Amino acid sequence: MSGQPAPGSVTGMRIEDYAMIGDMQSAALIGRDGSIDWLCLPRFDSPSCFTRLLGDESNGFWRLAAAGHEQATRRAYVEDTLILETVWETPTGAVKVIDFMPSRHANPDLVRIVEGLSGTVEMTTEIRIRFDYGRIVPWVRRSNGHLHAIGGPDSVWIHSGVPLHGGDYRHRATFTVAAGERVPFVFTWHPSHEPEPERIDPLEQLAETRLLWEEWVSRCGYRGPWRDAVVRSLITLKALTYSPTGGIVAAPTTSLPEHLGGVRNWDYRYCWLRDASMTLDALTGAGYVEEADAWRSWLLRAIAGRPEDVQVLYGVAGERRLPEMTLDWLQGYEDSTPVRIGNGAATQLQLDIYGEFVDALYQARKQGMAPDDHAWALVTKVMEFFEHNWDQPDEGLWEVRGPRRHFVHSKVMAWVAADRMVRVIEELGRRGDVERWRALRDRIHAEVCDKGYDPVRNTFTQSYGSREL
């Protein structure tokens, strides 16, 4: 659904006009106009080098499109992959642009291949590289016919047979593609202190990337009627997994507003225990136990230490300090400010996460994940702390930035945590004081029904004594 240009939008692109590609370490968003408007390298939570999504053209983008055409004719992913094909039909012919990020070797690469389908088509490309969330204009020079941009710690090479001409802090080119021709562009990031990275073969990487995704999808255990939708969702969830550590990010973006023009614009490029638990449940339900095992290992590293120090969210490698700040030089998505990086919710108390991650581990074990004595010992120790703190007020699922409350959802998820401890002992044969956890489960149930339920309106409330649902 393309929709009409949204009020206040710089690019005319709504969020549903973007498609995502990625390499399971970062991700790019590509609009229907053929423009990459968001890309952070080398990680999901690194500073972006294309930031038009949250600003304007001066903050960086890379457009590749048929000359004189605002939006593509159609686009779709290549079968069961994260390879995007965008088709441009013109009076003189048709082309498709193939966008993907190959599995990472030494450095992250982004590949765009223009392939002629019929006739001849004049294509245009414009690229503005802006490091540090659109703030740093890099120094760009030509080396052996290719572009090299450098600014602070970041360096990018653009390899292509198409000459890119500079001017006004941007690079442009116009070229013609005939039926059967393929014109590749390769965008490679590396630390600026390192030498030029080894070049990849874009066509070879296209074939390898397709095989990688097809092999992964072939292991899907879902056999229901909505296969295409389920597989596409699973691919997206897999793409949000940071493969080096097993951490799962909530989103590849920051500061997309809950309400247009509002201020609840948060950075979601981190690993929430809640979101990751739900993702894990979806993946294990489809037979992807390997991902569950990798996430369990990430979890054990992230929360290792004192039980009282368990956080709501972590960085993709388990980082705990995620200081929040605003980027005042960006005008925000459809003028929704402030634009934030980092997330202050990392220091909040959200008691529901205990229920979510204990349930996720329980469900993964039920789906076939091998037992781990170290994991059980750590969970038991964390739950001993939780046993004495579940009845505290917290910021809850909504991450309120105000006085803590006794949120009913948090209490119900506390019940889940106790219930899953009972089930792990009874159903999975783990050693533990089952009567202890059963008593805690019953106590929480009684309190929620007594304090979190409004008999007059016959409904549960948002928090104890509140009118909100």
# chains A, B, ... in the order shown; residues from 1 in each chain; ligands from 1

call {"tool": "select_by_dssp", "arguments": {"residues": "region 184-326 of chain A", "states": "helix (DSSP H, G or I)", "output": "JSON, numbers by chain"}}
result
{"A": [202, 203, 204, 205, 206, 207, 208, 209, 210, 211, 212, 213, 214, 215, 216, 217, 218, 227, 228, 229, 230, 231, 232, 233, 234, 235, 236, 237, 238, 239, 273, 274, 275, 276, 277, 278, 279, 280, 281, 282, 283, 284, 285, 289, 290, 291, 292, 293, 294, 295, 296, 297, 298, 299, 300, 301, 302, 303, 307, 308, 309]}

call {"tool": "residues_around", "arguments": {"residues": "region 157-161 of chain A", "least_positions_apart": "3", "cutoff": "9 Å", "atoms": "only C-alpha atoms", "output": "list in words"}}
result
Gly145, His146, Leu147, His148, Ala149, Ile150, Leu164, Val183, Pro184, Phe185, Val186, Phe187, Thr188, Trp189, His190, Glu196, Pro197 and Arg199 of chain A

call {"tool": "residues_around", "arguments": {"residues": "Val111 (chain A)", "least_positions_apart": "2", "cutoff": "12 Å", "atoms": "only C-alpha atoms", "output": "PyMOL selection string"}}
result
chain A and resi 21-23+28+36+62+64+83-85+97-103+108-109+113-114+157-160+183-189+199-206+209

call {"tool": "closest_residue", "arguments": {"among": "A:Tyr242, A:Ala375, A:Lys96, A:Arg210", "to": "Ala304 (chain A)", "atoms": "only C-alpha atoms"}}
result
A:Ala375

call {"tool": "residues_around", "arguments": {"residues": "region 391-397 of chain A", "least_positions_apart": "6", "cutoff": "8 Å", "atoms": "only C-alpha atoms", "output": "MDAnalysis selection string"}}
result
chainID A and resid 348:352 403:407 409:411

call {"tool": "closest_residue", "arguments": {"among": "A:Gly246, A:Pro163, A:Gly261, A:Gly318", "to": "Thr125 (chain A)", "atoms": "only C-alpha atoms"}}
result
A:Pro163

call {"tool": "residues_around", "arguments": {"residues": "Ala276 (chain A)", "least_positions_apart": "3", "cutoff": "9 Å", "atoms": "only C-alpha atoms", "output": "PyMOL selection string"}}
result
chain A and resi 247-250+271-273+279-281+295+356-357+360

call {"tool": "write_last_selection", "arguments": {"atoms": "N, CA, C and O atoms", "output": "PDB file, in the first residue's frame"}}
result
ATOM      1  N   GLY A 247      21.595 -12.000  20.267  1.00  0.00           N
ATOM      2  CA  GLY A 247      20.643 -11.000  20.746  1.00  0.00           C
ATOM      3  C   GLY A 247      19.621 -10.662  19.669  1.00  0.00           C
ATOM      4  O   GLY A 247      19.913 -10.734  18.473  1.00  0.00           O
ATOM      5  N   ILE A 248      18.410 -10.292  20.078  1.00  0.00           N
ATOM      6  CA  ILE A 248      17.328  -9.987  19.142  1.00  0.00           C
ATOM      7  C   ILE A 248      16.857  -8.558  19.396  1.00  0.00           C
ATOM      8  O   ILE A 248      16.394  -8.242  20.503  1.00  0.00           O
ATOM      9  N   VAL A 249      16.979  -7.684  18.401  1.00  0.00           N
ATOM     10  CA  VAL A 249      16.570  -6.293  18.585  1.00  0.00           C
ATOM     11  C   VAL A 249      15.070  -6.156  18.376  1.00  0.00           C
ATOM     12  O   VAL A 249      14.446  -6.925  17.642  1.00  0.00           O
ATOM     13  N   ALA A 250      14.496  -5.147  19.036  1.00  0.00           N
ATOM     14  CA  ALA A 250      13.064  -4.904  18.895  1.00  0.00           C
ATOM     15  C   ALA A 250      12.728  -4.305  17.531  1.00  0.00           C
ATOM     16  O   ALA A 250      11.646  -4.545  16.986  1.00  0.00           O
ATOM     17  N   CYS A 271      17.928  -4.884  22.704  1.00  0.00           N
ATOM     18  CA  CYS A 271      17.355  -6.191  22.989  1.00  0.00           C
ATOM     19  C   CYS A 271      16.523  -6.133  24.265  1.00  0.00           C
ATOM     20  O   CYS A 271      17.064  -6.175  25.373  1.00  0.00           O
ATOM     21  N   TRP A 272      15.221  -6.003  24.119  1.00  0.00           N
ATOM     22  CA  TRP A 272      14.309  -6.084  25.244  1.00  0.00           C
ATOM     23  C   TRP A 272      14.082  -7.558  25.582  1.00  0.00           C
ATOM     24  O   TRP A 272      13.822  -8.375  24.687  1.00  0.00           O
ATOM     25  N   LEU A 273      14.146  -7.905  26.848  1.00  0.00           N
ATOM     26  CA  LEU A 273      13.855  -9.280  27.222  1.00  0.00           C
ATOM     27  C   LEU A 273      12.435  -9.657  26.831  1.00  0.00           C
ATOM     28  O   LEU A 273      12.163 -10.781  26.421  1.00  0.00           O
ATOM     29  N   THR A 279       9.622 -13.063  20.333  1.00  0.00           N
ATOM     30  CA  THR A 279      10.237 -13.486  19.073  1.00  0.00           C
ATOM     31  C   THR A 279      10.702 -14.930  19.170  1.00  0.00           C
ATOM     32  O   THR A 279      10.508 -15.734  18.253  1.00  0.00           O
ATOM     33  N   LEU A 280      11.314 -15.248  20.295  1.00  0.00           N
ATOM     34  CA  LEU A 280      11.806 -16.605  20.508  1.00  0.00           C
ATOM     35  C   LEU A 280      10.661 -17.611  20.474  1.00  0.00           C
ATOM     36  O   LEU A 280      10.787 -18.704  19.918  1.00  0.00           O
ATOM     37  N   ASP A 281       9.543 -17.255  21.066  1.00  0.00           N
ATOM     38  CA  ASP A 281       8.389 -18.142  21.078  1.00  0.00           C
ATOM     39  C   ASP A 281       7.909 -18.421  19.657  1.00  0.00           C
ATOM     40  O   ASP A 281       7.555 -19.556  19.308  1.00  0.00           O
ATOM     41  N   TRP A 295      19.973 -17.478  21.745  1.00  0.00           N
ATOM     42  CA  TRP A 295      19.434 -16.414  22.589  1.00  0.00           C
ATOM     43  C   TRP A 295      19.630 -16.750  24.063  1.00  0.00           C
ATOM     44  O   TRP A 295      19.939 -15.867  24.873  1.00  0.00           O
ATOM     45  N   GLU A 356       8.187 -13.194  31.208  1.00  0.00           N
ATOM     46  CA  GLU A 356       8.406 -13.408  29.785  1.00  0.00           C
ATOM     47  C   GLU A 356       9.627 -14.276  29.509  1.00  0.00           C
ATOM     48  O   GLU A 356       9.580 -15.194  28.696  1.00  0.00           O
ATOM     49  N   PHE A 357      10.743 -14.003  30.201  1.00  0.00           N
ATOM     50  CA  PHE A 357      11.925 -14.777  29.832  1.00  0.00           C
ATOM     51  C   PHE A 357      11.905 -16.185  30.443  1.00  0.00           C
ATOM     52  O   PHE A 357      12.414 -17.123  29.834  1.00  0.00           O
ATOM     53  N   ALA A 360       9.742 -18.042  28.061  1.00  0.00           N
ATOM     54  CA  ALA A 360      10.426 -18.304  26.791  1.00  0.00           C
ATOM     55  C   ALA A 360      11.356 -19.507  26.918  1.00  0.00           C
ATOM     56  O   ALA A 360      11.413 -20.366  26.022  1.00  0.00           O
TER      57      ALA A 360
END

call {"tool": "atom_distance", "arguments": {"atom1": "CA of Tyr354 (chain A)", "atom2": "CA of Arg43 (chain A)"}}
result
27.2 Å

call {"tool": "residues_around", "arguments": {"residues": "region 53-60 of chain A", "least_positions_apart": "6", "cutoff": "8 Å", "atoms": "only C-alpha atoms", "output": "mmCIF file with N, CA and C atoms, in the first residue's frame"}}
result
data_model
loop_
_atom_site.group_PDB
_atom_site.id
_atom_site.type_symbol
_atom_site.label_atom_id
_atom_site.label_comp_id
_atom_site.auth_asym_id
_atom_site.auth_seq_id
_atom_site.Cartn_x
_atom_site.Cartn_y
_atom_site.Cartn_z
ATOM 1 N N VAL A 10 8.926 14.724 4.529
ATOM 2 C CA VAL A 10 9.936 15.291 3.633
ATOM 3 C C VAL A 10 10.002 14.496 2.338
ATOM 4 N N THR A 11 9.992 13.166 2.442
ATOM 5 C CA THR A 11 10.193 12.319 1.274
ATOM 6 C C THR A 11 8.902 11.922 0.580
ATOM 7 N N ASP A 37 16.868 5.194 2.799
ATOM 8 C CA ASP A 37 16.761 6.352 3.688
ATOM 9 C C ASP A 37 17.202 6.070 5.117
ATOM 10 N N TRP A 38 17.583 4.819 5.401
ATOM 11 C CA TRP A 38 18.036 4.492 6.758
ATOM 12 C C TRP A 38 19.015 3.326 6.683
ATOM 13 N N ILE A 127 23.682 9.788 -4.489
ATOM 14 C CA ILE A 127 24.083 9.293 -3.183
ATOM 15 C C ILE A 127 24.682 10.426 -2.358
ATOM 16 N N ARG A 128 24.193 10.537 -1.136
ATOM 17 C CA ARG A 128 24.752 11.485 -0.170
ATOM 18 C C ARG A 128 25.088 10.689 1.089
ATOM 19 N N ILE A 129 26.354 10.505 1.335
ATOM 20 C CA ILE A 129 26.801 9.801 2.523
ATOM 21 C C ILE A 129 26.963 10.812 3.652
ATOM 22 N N ARG A 130 26.317 10.538 4.783
ATOM 23 C CA ARG A 130 26.412 11.423 5.949
ATOM 24 C C ARG A 130 26.590 10.555 7.190
ATOM 25 N N TYR A 133 24.625 9.950 12.080
ATOM 26 C CA TYR A 133 23.219 10.347 12.029
ATOM 27 C C TYR A 133 23.017 11.631 11.216
ATOM 28 N N GLY A 134 23.675 11.696 10.067
ATOM 29 C CA GLY A 134 23.457 12.811 9.159
ATOM 30 C C GLY A 134 24.237 14.066 9.472
ATOM 31 N N ARG A 135 25.146 14.006 10.443
ATOM 32 C CA ARG A 135 25.821 15.224 10.874
ATOM 33 C C ARG A 135 27.167 15.439 10.200
ATOM 34 N N SER A 255 13.219 6.359 16.997
ATOM 35 C CA SER A 255 12.460 7.618 16.962
ATOM 36 C C SER A 255 11.313 7.652 15.959
ATOM 37 N N LEU A 330 18.169 16.890 13.739
ATOM 38 C CA LEU A 330 17.214 16.141 12.914
ATOM 39 C C LEU A 330 15.791 16.576 13.242
ATOM 40 N N GLN A 331 14.975 16.749 12.198
ATOM 41 C CA GLN A 331 13.617 17.256 12.389
ATOM 42 C C GLN A 331 12.621 16.162 12.725
ATOM 43 N N GLY A 332 13.048 14.887 12.658
ATOM 44 C CA GLY A 332 12.166 13.795 13.047
ATOM 45 C C GLY A 332 11.277 13.313 11.924
ATOM 46 N N TYR A 333 10.794 12.090 12.065
ATOM 47 C CA TYR A 333 9.891 11.504 11.078
ATOM 48 C C TYR A 333 8.581 12.276 11.090
ATOM 49 N N GLU A 334 8.266 12.891 9.956
ATOM 50 C CA GLU A 334 7.078 13.739 9.826
ATOM 51 C C GLU A 334 6.991 14.745 10.981
ATOM 52 N N VAL A 339 14.310 13.501 18.266
ATOM 53 C CA VAL A 339 14.928 12.263 17.797
ATOM 54 C C VAL A 339 15.885 11.800 18.892
#

call {"tool": "atom_distance", "arguments": {"atom1": "CA of Arg141 (chain A)", "atom2": "CA of Asp33 (chain A)"}}
result
27.4 Å

call {"tool": "atom_distance", "arguments": {"atom1": "CA of Val316 (chain A)", "atom2": "CA of Phe131 (chain A)"}}
result
20.8 Å

call {"tool": "residues_around", "arguments": {"residues": "Tyr222 (chain A)", "least_positions_apart": "3", "cutoff": "10 Å", "atoms": "only C-alpha atoms", "output": "list in words"}}
result
Arg219, Pro225, Trp226, Arg227, Val230, Val231, Gly285, Ala286 and Gly287 of chain A

call {"tool": "select_by_dssp", "arguments": {"residues": "region 187-333 of chain A", "states": "strand (DSSP E or B)", "output": "PyMOL selection string"}}
result
chain A and resi 187-191+241-242+247-248+254+267+271-272+313-314+325-326

call {"tool": "write_last_selection", "arguments": {"atoms": "N, CA, C and O atoms", "output": "mmCIF file, in the first residue's frame"}}
result
data_model
loop_
_atom_site.group_PDB
_atom_site.id
_atom_site.type_symbol
_atom_site.label_atom_id
_atom_site.label_comp_id
_atom_site.auth_asym_id
_atom_site.auth_seq_id
_atom_site.Cartn_x
_atom_site.Cartn_y
_atom_site.Cartn_z
ATOM 1 N N PHE A 187 28.374 -1.159 -1.947
ATOM 2 C CA PHE A 187 28.641 -0.166 -0.900
ATOM 3 C C PHE A 187 29.230 -0.925 0.290
ATOM 4 O O PHE A 187 28.564 -1.782 0.883
ATOM 5 N N THR A 188 30.489 -0.634 0.641
ATOM 6 C CA THR A 188 31.184 -1.379 1.689
ATOM 7 C C THR A 188 31.675 -0.441 2.784
ATOM 8 O O THR A 188 32.368 0.540 2.504
ATOM 9 N N TRP A 189 31.332 -0.753 4.040
ATOM 10 C CA TRP A 189 31.789 0.036 5.194
ATOM 11 C C TRP A 189 32.964 -0.667 5.864
ATOM 12 O O TRP A 189 33.031 -1.912 5.899
ATOM 13 N N HIS A 190 33.896 0.123 6.401
ATOM 14 C CA HIS A 190 34.943 -0.444 7.242
ATOM 15 C C HIS A 190 35.491 0.656 8.138
ATOM 16 O O HIS A 190 35.318 1.852 7.858
ATOM 17 N N PRO A 191 36.155 0.311 9.241
ATOM 18 C CA PRO A 191 36.747 1.337 10.106
ATOM 19 C C PRO A 191 37.776 2.159 9.325
ATOM 20 O O PRO A 191 38.574 1.616 8.552
ATOM 21 N N THR A 241 17.796 -10.583 14.332
ATOM 22 C CA THR A 241 18.715 -11.270 15.230
ATOM 23 C C THR A 241 20.145 -10.841 14.934
ATOM 24 O O THR A 241 20.580 -10.884 13.783
ATOM 25 N N TYR A 242 20.856 -10.423 15.946
ATOM 26 C CA TYR A 242 22.256 -10.041 15.790
ATOM 27 C C TYR A 242 23.085 -11.315 15.864
ATOM 28 O O TYR A 242 23.350 -11.849 16.954
ATOM 29 N N GLY A 247 21.595 -12.000 20.267
ATOM 30 C CA GLY A 247 20.643 -11.000 20.746
ATOM 31 C C GLY A 247 19.621 -10.662 19.669
ATOM 32 O O GLY A 247 19.913 -10.734 18.473
ATOM 33 N N ILE A 248 18.410 -10.292 20.078
ATOM 34 C CA ILE A 248 17.328 -9.987 19.142
ATOM 35 C C ILE A 248 16.857 -8.558 19.396
ATOM 36 O O ILE A 248 16.394 -8.242 20.503
ATOM 37 N N THR A 254 15.157 3.980 15.143
ATOM 38 C CA THR A 254 14.924 4.791 16.322
ATOM 39 C C THR A 254 13.963 5.925 15.996
ATOM 40 O O THR A 254 13.886 6.379 14.849
ATOM 41 N N ASP A 267 14.181 4.834 20.960
ATOM 42 C CA ASP A 267 15.179 4.063 20.226
ATOM 43 C C ASP A 267 14.957 2.580 20.531
ATOM 44 O O ASP A 267 15.134 2.140 21.674
ATOM 45 N N CYS A 271 17.928 -4.884 22.704
ATOM 46 C CA CYS A 271 17.355 -6.191 22.989
ATOM 47 C C CYS A 271 16.523 -6.133 24.265
ATOM 48 O O CYS A 271 17.064 -6.175 25.373
ATOM 49 N N TRP A 272 15.221 -6.003 24.119
ATOM 50 C CA TRP A 272 14.309 -6.084 25.244
ATOM 51 C C TRP A 272 14.082 -7.558 25.582
ATOM 52 O O TRP A 272 13.822 -8.375 24.687
ATOM 53 N N LEU A 313 16.328 -4.060 29.165
ATOM 54 C CA LEU A 313 16.904 -4.153 27.840
ATOM 55 C C LEU A 313 18.411 -4.031 27.917
ATOM 56 O O LEU A 313 18.965 -3.511 28.893
ATOM 57 N N TYR A 314 19.053 -4.531 26.852
ATOM 58 C CA TYR A 314 20.508 -4.532 26.754
ATOM 59 C C TYR A 314 20.898 -4.198 25.318
ATOM 60 O O TYR A 314 20.076 -4.264 24.395
ATOM 61 N N MET A 325 20.025 10.285 24.642
ATOM 62 C CA MET A 325 20.297 11.678 24.273
ATOM 63 C C MET A 325 19.469 12.036 23.051
ATOM 64 O O MET A 325 18.943 11.157 22.361
ATOM 65 N N THR A 326 19.348 13.323 22.782
ATOM 66 C CA THR A 326 18.569 13.782 21.637
ATOM 67 C C THR A 326 19.492 14.331 20.557
ATOM 68 O O THR A 326 20.564 14.872 20.849
#

call {"tool": "closest_residue", "arguments": {"among": "A:Ile15, A:Met20, A:Gly402, A:Gln71", "to": "Arg32 (chain A)", "atoms": "only C-alpha atoms"}}
result
A:Gln71
